[in-house]
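Trainee: My structure is in input28.txt, and what it holds is compact mmCIF, C-alpha atoms:
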# COMPACT_ATOMS: atom_id res chain seq x y z
CA MET S 282 -45.97 73.55 -26.64
CA ARG S 283 -45.86 77.31 -27.15
CA GLU S 284 -44.35 78.56 -30.40
CA LYS S 285 -41.89 80.82 -28.55
CA LEU S 286 -40.43 77.78 -26.76
CA LEU S 287 -40.31 75.80 -30.01
CA ASN S 288 -38.48 78.67 -31.71
CA THR S 289 -35.85 78.69 -28.95
CA ILE S 290 -35.33 74.95 -29.39
CA ARG S 291 -35.22 75.35 -33.17
CA LYS S 292 -32.47 78.00 -32.97
CA HIS S 293 -30.32 75.68 -30.85
CA VAL S 294 -30.93 72.72 -33.19
CA ILE S 295 -29.92 74.85 -36.19
CA ALA S 296 -26.78 76.09 -34.42
CA GLU S 297 -25.67 72.53 -33.60
CA TYR S 298 -26.53 70.95 -36.97
CA PRO S 299 -25.30 68.47 -38.26
CA LYS S 300 -24.62 67.33 -34.68
CA GLU S 301 -27.42 66.30 -32.35
CA ALA S 302 -28.46 69.15 -30.09
CA CYS S 303 -29.64 68.49 -26.54
CA GLY S 304 -31.18 70.47 -23.72
CA VAL S 305 -33.93 70.55 -21.13
CA ILE S 306 -37.13 72.43 -20.43
CA VAL S 307 -37.53 73.60 -16.85
CA GLN S 308 -40.58 74.90 -15.03
CA SER S 309 -39.57 78.06 -13.21
CA GLY S 310 -42.53 79.53 -11.39
CA ASN S 311 -45.25 79.94 -14.00
CA LYS S 312 -42.77 80.00 -16.92
CA GLN S 313 -41.23 77.23 -18.99
CA ILE S 314 -37.66 77.82 -20.14
CA TYR S 315 -35.53 75.89 -22.63
CA ILE S 316 -31.90 75.52 -21.50
CA PRO S 317 -29.36 74.31 -24.10
CA CYS S 318 -26.84 71.72 -22.90
CA GLN S 319 -23.53 70.52 -24.27
CA ASN S 320 -23.48 67.21 -26.18
CA ASP S 321 -20.44 65.27 -24.95
CA ALA S 322 -21.03 62.13 -27.04
CA GLU S 323 -18.08 60.59 -28.85
CA ASP S 324 -20.25 60.46 -31.99
CA PRO S 325 -22.41 63.63 -31.74
CA LEU S 326 -23.65 63.21 -35.32
CA ASN S 327 -25.65 60.14 -34.29
CA THR S 328 -26.25 60.33 -30.55
CA PHE S 329 -26.09 62.59 -27.53
CA VAL S 330 -24.72 62.49 -24.00
CA MET S 331 -25.82 65.48 -21.99
CA ARG S 332 -23.10 67.12 -19.92
CA ASP S 333 -23.78 66.41 -16.24
CA SER S 334 -22.81 69.89 -15.07
CA ASP S 335 -25.23 71.46 -17.56
CA TYR S 336 -28.08 69.29 -16.30
CA ARG S 337 -27.30 70.10 -12.67
CA SER S 338 -27.15 73.79 -13.51
CA ALA S 339 -30.56 73.54 -15.18
CA GLU S 340 -32.00 71.86 -12.07
CA MET S 341 -30.97 74.91 -10.06
CA GLN S 342 -33.16 77.09 -12.31
CA GLY S 343 -36.35 75.05 -11.91
CA GLU S 344 -37.90 71.61 -12.18
CA VAL S 345 -36.75 69.68 -15.25
CA ILE S 346 -39.97 68.63 -17.01
CA MET S 347 -38.71 67.55 -20.44
CA ILE S 348 -35.49 66.39 -22.11
CA ILE S 349 -34.95 67.63 -25.66
CA HIS S 350 -32.66 66.46 -28.44
CA SER S 351 -32.54 66.56 -32.23
CA HIS S 352 -32.45 63.97 -35.01
CA PRO S 353 -30.49 65.42 -37.94
CA ASP S 354 -31.21 64.29 -41.52
CA VAL S 355 -33.83 61.62 -40.78
CA PRO S 356 -36.45 60.69 -43.40
CA VAL S 357 -39.15 60.23 -40.72
CA LEU S 358 -39.13 61.51 -37.13
CA ILE S 359 -39.55 58.37 -34.98
CA PRO S 360 -38.06 57.88 -31.49
CA SER S 361 -35.47 55.11 -31.51
CA GLU S 362 -35.62 52.22 -29.04
CA MET S 363 -32.65 53.77 -27.24
CA ASP S 364 -34.61 57.04 -26.97
CA ARG S 365 -37.51 55.15 -25.42
CA ILE S 366 -35.27 53.24 -22.99
CA GLN S 367 -33.61 56.45 -21.84
CA CYS S 368 -36.99 58.16 -21.54
CA ASP S 369 -38.26 55.27 -19.40
CA TYR S 370 -35.15 55.61 -17.27
CA SER S 371 -35.48 59.39 -16.87
CA GLY S 372 -39.09 59.21 -15.71
CA ILE S 373 -40.06 62.42 -17.55
CA GLU S 374 -41.35 63.38 -20.98
CA TRP S 375 -38.98 63.68 -23.96
CA GLY S 376 -39.13 65.84 -27.08
CA ILE S 377 -37.33 65.39 -30.41
CA MET S 378 -36.92 67.89 -33.25
CA SER S 379 -35.76 66.79 -36.70
CA TRP S 380 -33.62 69.04 -38.88
CA PRO S 381 -33.75 70.38 -41.56
CA ASP S 382 -37.42 69.26 -41.66
CA GLY S 383 -38.21 70.92 -38.34
CA ASP S 384 -40.76 68.34 -37.21
CA PHE S 385 -41.30 67.93 -33.47
CA CYS S 386 -42.68 65.03 -31.40
CA THR S 387 -42.99 64.17 -27.72
CA PHE S 388 -43.28 60.86 -25.88
CA SER S 389 -43.57 59.69 -22.28
CA PRO S 390 -42.07 56.89 -20.17
CA ARG S 391 -43.74 53.52 -20.72
CA ALA S 392 -45.23 53.02 -17.28
CA ASP S 393 -47.07 49.76 -17.94
CA ARG S 394 -44.50 47.70 -19.88
CA ASP S 395 -43.54 44.23 -18.70
CA TYR S 396 -40.52 43.86 -16.46
CA ALA S 397 -39.22 40.97 -18.60
CA GLY S 398 -37.85 41.17 -22.14
CA ARG S 399 -36.10 44.52 -21.85
CA PRO S 400 -32.83 45.07 -23.75
CA TRP S 401 -29.69 45.63 -21.69
CA VAL S 402 -28.27 49.18 -21.79
CA LEU S 403 -25.63 49.75 -19.11
CA GLY S 404 -26.46 52.82 -17.05
CA HIS S 405 -30.04 53.02 -18.35
CA ALA S 406 -31.58 49.53 -18.45
CA ASP S 407 -29.66 47.30 -16.06
CA CYS S 408 -30.21 45.41 -12.80
CA TRP S 409 -30.42 48.48 -10.56
CA SER S 410 -32.74 50.27 -13.01
CA LEU S 411 -35.08 47.28 -12.77
CA ILE S 412 -34.86 47.23 -8.96
CA ARG S 413 -35.74 50.92 -8.83
CA GLU S 414 -38.70 50.63 -11.17
CA TYR S 415 -40.08 47.57 -9.37
CA HIS S 416 -40.05 49.33 -6.01
CA ARG S 417 -41.57 52.49 -7.48
CA ARG S 418 -44.36 50.73 -9.41
CA GLU S 419 -45.22 48.01 -6.93
CA HIS S 420 -44.70 49.79 -3.62
CA GLY S 421 -44.38 53.54 -4.27
CA ILE S 422 -40.82 53.50 -2.92
CA GLU S 423 -38.36 55.89 -4.57
CA LEU S 424 -34.75 54.69 -4.63
CA ARG S 425 -31.83 56.81 -5.71
CA ASN S 426 -30.08 56.20 -8.99
CA TRP S 427 -26.79 54.30 -8.67
CA SER S 428 -26.56 53.14 -12.31
CA VAL S 429 -23.64 54.43 -14.37
CA PRO S 430 -22.70 53.76 -18.03
CA TYR S 431 -19.49 51.84 -17.31
CA GLU S 432 -18.51 48.51 -15.72
CA TRP S 433 -17.81 49.91 -12.27
CA TRP S 434 -17.34 46.49 -10.61
CA THR S 435 -14.46 45.05 -12.68
CA ALA S 436 -11.51 46.49 -10.76
CA GLY S 437 -13.13 46.23 -7.35
CA LYS S 438 -12.46 49.92 -6.60
CA GLU S 439 -16.16 50.82 -6.57
CA SER S 440 -18.77 49.00 -4.53
CA ARG S 441 -22.08 50.61 -5.40
CA TYR S 442 -24.27 47.90 -3.92
CA ASP S 443 -22.31 47.16 -0.76
CA ASP S 444 -21.81 50.85 0.03
CA ASN S 445 -25.39 52.01 -0.50
CA TRP S 446 -28.00 49.33 0.24
CA GLN S 447 -28.43 50.33 3.86
CA ALA S 448 -28.62 54.04 3.02
CA GLU S 449 -31.44 53.19 0.59
CA GLY S 450 -33.45 51.77 3.49
CA PHE S 451 -32.83 48.02 3.08
CA ILE S 452 -32.44 45.64 6.01
CA GLU S 453 -30.91 42.16 5.81
CA VAL S 454 -33.36 39.31 6.39
CA SER S 455 -32.91 35.58 6.99
CA GLU S 456 -36.24 34.31 5.67
CA MET S 457 -36.92 35.32 2.08
CA GLN S 458 -40.34 36.47 0.92
CA PRO S 459 -41.70 37.89 -2.38
CA GLY S 460 -40.45 41.42 -3.02
CA ASP S 461 -37.09 40.93 -1.30
CA MET S 462 -33.90 41.97 -3.09
CA ILE S 463 -31.28 39.26 -3.65
CA MET S 464 -27.77 40.75 -3.83
CA MET S 465 -25.13 38.73 -5.68
CA LYS S 466 -21.49 38.70 -6.69
CA ILE S 467 -21.20 37.45 -10.29
CA ALA S 468 -17.71 37.23 -11.84
CA ALA S 469 -16.60 40.27 -9.84
CA PRO S 470 -14.63 41.05 -6.65
CA VAL S 471 -17.57 43.07 -5.25
CA THR S 472 -21.36 42.69 -5.07
CA ASN S 473 -22.47 43.72 -8.55
CA HIS S 474 -25.89 42.24 -9.26
CA ALA S 475 -29.36 42.19 -7.73
CA ALA S 476 -32.72 40.54 -8.37
CA ILE S 477 -36.24 40.65 -6.99
CA TYR S 478 -37.54 37.43 -5.45
CA LEU S 479 -41.04 36.75 -6.79
CA GLY S 480 -41.86 33.61 -4.80
CA ASN S 481 -42.09 29.95 -5.83
CA ASN S 482 -38.31 29.93 -6.37
CA ILE S 483 -38.55 32.50 -9.21
CA MET S 484 -36.61 35.75 -9.38
CA LEU S 485 -36.73 38.77 -11.69
CA HIS S 486 -33.42 40.22 -12.83
CA HIS S 487 -31.54 41.97 -15.64
CA ASN S 488 -28.21 40.23 -16.11
CA PHE S 489 -25.31 41.80 -17.98
CA GLY S 490 -25.79 41.80 -21.76
CA ASN S 491 -29.10 39.90 -21.67
CA LEU S 492 -32.80 40.66 -21.76
CA SER S 493 -34.44 41.12 -18.38
CA ALA S 494 -36.14 37.88 -17.35
CA ARG S 495 -37.97 35.84 -14.74
CA VAL S 496 -35.80 32.82 -14.01
CA PRO S 497 -35.48 30.09 -11.34
CA TYR S 498 -33.45 31.04 -8.29
CA GLY S 499 -31.26 28.00 -8.80
CA GLN S 500 -27.96 26.79 -7.43
CA TYR S 501 -25.87 29.06 -9.66
CA PHE S 502 -27.46 32.19 -8.19
CA ARG S 503 -27.70 30.76 -4.66
CA ASP S 504 -23.95 30.13 -4.62
CA ARG S 505 -23.32 33.74 -5.61
CA THR S 506 -25.76 35.36 -3.19
CA VAL S 507 -24.16 37.76 -0.72
CA ARG S 508 -27.28 38.76 1.20
CA VAL S 509 -31.07 39.04 0.94
CA VAL S 510 -32.57 42.37 1.99
CA ARG S 511 -36.00 43.94 2.38
CA HIS S 512 -36.89 47.62 2.27
CA LYS S 513 -37.81 48.96 5.71
CA ASP S 514 -41.19 50.15 4.40
CA LEU S 515 -42.10 46.54 3.58
CA LEU S 516 -41.28 45.05 6.98
CA CYS S 517 -44.31 43.51 8.64
What would the structure in this file look like if it were written as structure tokens?

Mentor:
Amino acid sequence: MREKLLNTIRKHVIAEYPKEACGVIVQSGNKQIYIPCQNDAEDPLNTFVMRDSDYRSAEMQGEVIMIIHSHPDVPVLIPSEMDRIQCDYSGIEWGIMSWPDGDFCTFSPRADRDYAGRPWVLGHADCWSLIREYHRREHGIELRNWSVPYEWWTAGKESRYDDNWQAEGFIEVSEMQPGDMIMMKIAAPVTNHAAIYLGNNIMLHHNFGNLSARVPYGQYFRDRTVRVVRHKDLLC
């Protein structure tokens, strides 16, 4: 990374210290620009939540190619597991600057990690995140992001699966085959969970509060299945 860009990041990190600073680098034509963003986290000394409007504004100035944040007062600059999960979720490179040491590191999404054994992080590593990654990695199908960092299904006022599966290109099927998405209603008034059928009565899913896993598609999940769907690009 060019020193001029690093200096711009460094100035923002210093200005926000001891809070975590956050921002993005955008590619605008043949130039890379660092755009500071507001940290809206409840505990900005230890984490960051980038303001949505700032990110959208940055997207209007160019392609977002890197997410930046700072780690204040750390003995060694090492990305946390949460950093890595969010980086995986974002699909782009991340950069971290420590302060007052001023060290800088970058890391990329883990493209080859196993689908099973992933920690649950609502809005970043959940059932829809797994569905999206599976379709992207296995079939080159890009699905939009419907994950949010709150339990949208509890009151029944939002229906993110029921309202959007058709718009994402899925079609209901009667005979299940590997790669199909199983949509379920688990302890909720609306469809709130989904899994990928792998064949041989095994499904891949990321259930609330648990590690992602390959498990039998047993009676418990069959009784809670609302529909089985297949992406239109996978229809024979």

Trainee: Excluding range 469-474 of chain S and its own-chain neighbours fewer than 6 positions away, which residues fall within 9 Å of it when counting all atoms listed in the file? Please give them as a ChimeraX atom specification.

Mentor: /S:408-409,433-443,463,486-489,506-507

Trainee: Of the residues S:Met464, S:Val510, S:Ile290, S:Ala397, which is the one nearest to Gly304 in chain S, using only C-alpha atoms?

Mentor: S:Ile290

Trainee: Counting all atoms listed in the file, what is within 9 Å of Tyr370 in chain S, bar same-chain residues fewer than 6 positions away, as a PyMOL selection string?

Mentor: chain S and resi 390+405-406+410+414

Trainee: Just the number, please: distance in Å from CA of Ala296 in chain S to CA of Gly310 in chain S, one decimal.

Mentor: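 Separating CA of Ala296 in chain S from CA of Gly310 in chain S is a distance of 28.1 Å.
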
Trainee: S:Gly490, S:Phe451, S:Val355, S:Lys285: which is nearest Gln313 in chain S, counting all atoms listed in the file?

Mentor: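 Result for the nearest residue to Gln313 in chain S: S:Lys285.
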
Trainee: Quick one: pull the distance between CA of Glu297 in chain S and CA of Phe385 in chain S, Å, one decimal.

Mentor: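 Interatomic distance, CA of Glu297 in chain S to CA of Phe385 in chain S: 16.3 Å.
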
Trainee: Residues within 9 Å of Asp335 in chain S, please, as a ChimeraX atom specification. Count only C-alpha atoms; anything in the same chain fewer than 5 positions from it doesn't count.

Mentor: /S:304,316-319,340

Trainee: Take the residues from that selection and write them out as a short mmCIF file (atom, residue, chain, number, x, y, z; two decimals), in the frame of the given file, keeping C-alpha atoms.

Mentor:
data_model
loop_
_atom_site.label_atom_id
_atom_site.label_comp_id
_atom_site.auth_asym_id
_atom_site.auth_seq_id
_atom_site.Cartn_x
_atom_site.Cartn_y
_atom_site.Cartn_z
CA GLY S 304 -31.18 70.47 -23.72
CA ILE S 316 -31.90 75.52 -21.50
CA PRO S 317 -29.36 74.31 -24.10
CA CYS S 318 -26.84 71.72 -22.90
CA GLN S 319 -23.53 70.52 -24.27
CA GLU S 340 -32.00 71.86 -12.07
#

Trainee: List the spatial neighbours of Gly460 in chain S as a list in words - criterion: any atom at most 7 Å away, all atoms listed in the file, same-chain residues fewer than 4 positions off excluded.

Mentor: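 The neighbour list is Ile477, Tyr478 and Leu479 of chain S.
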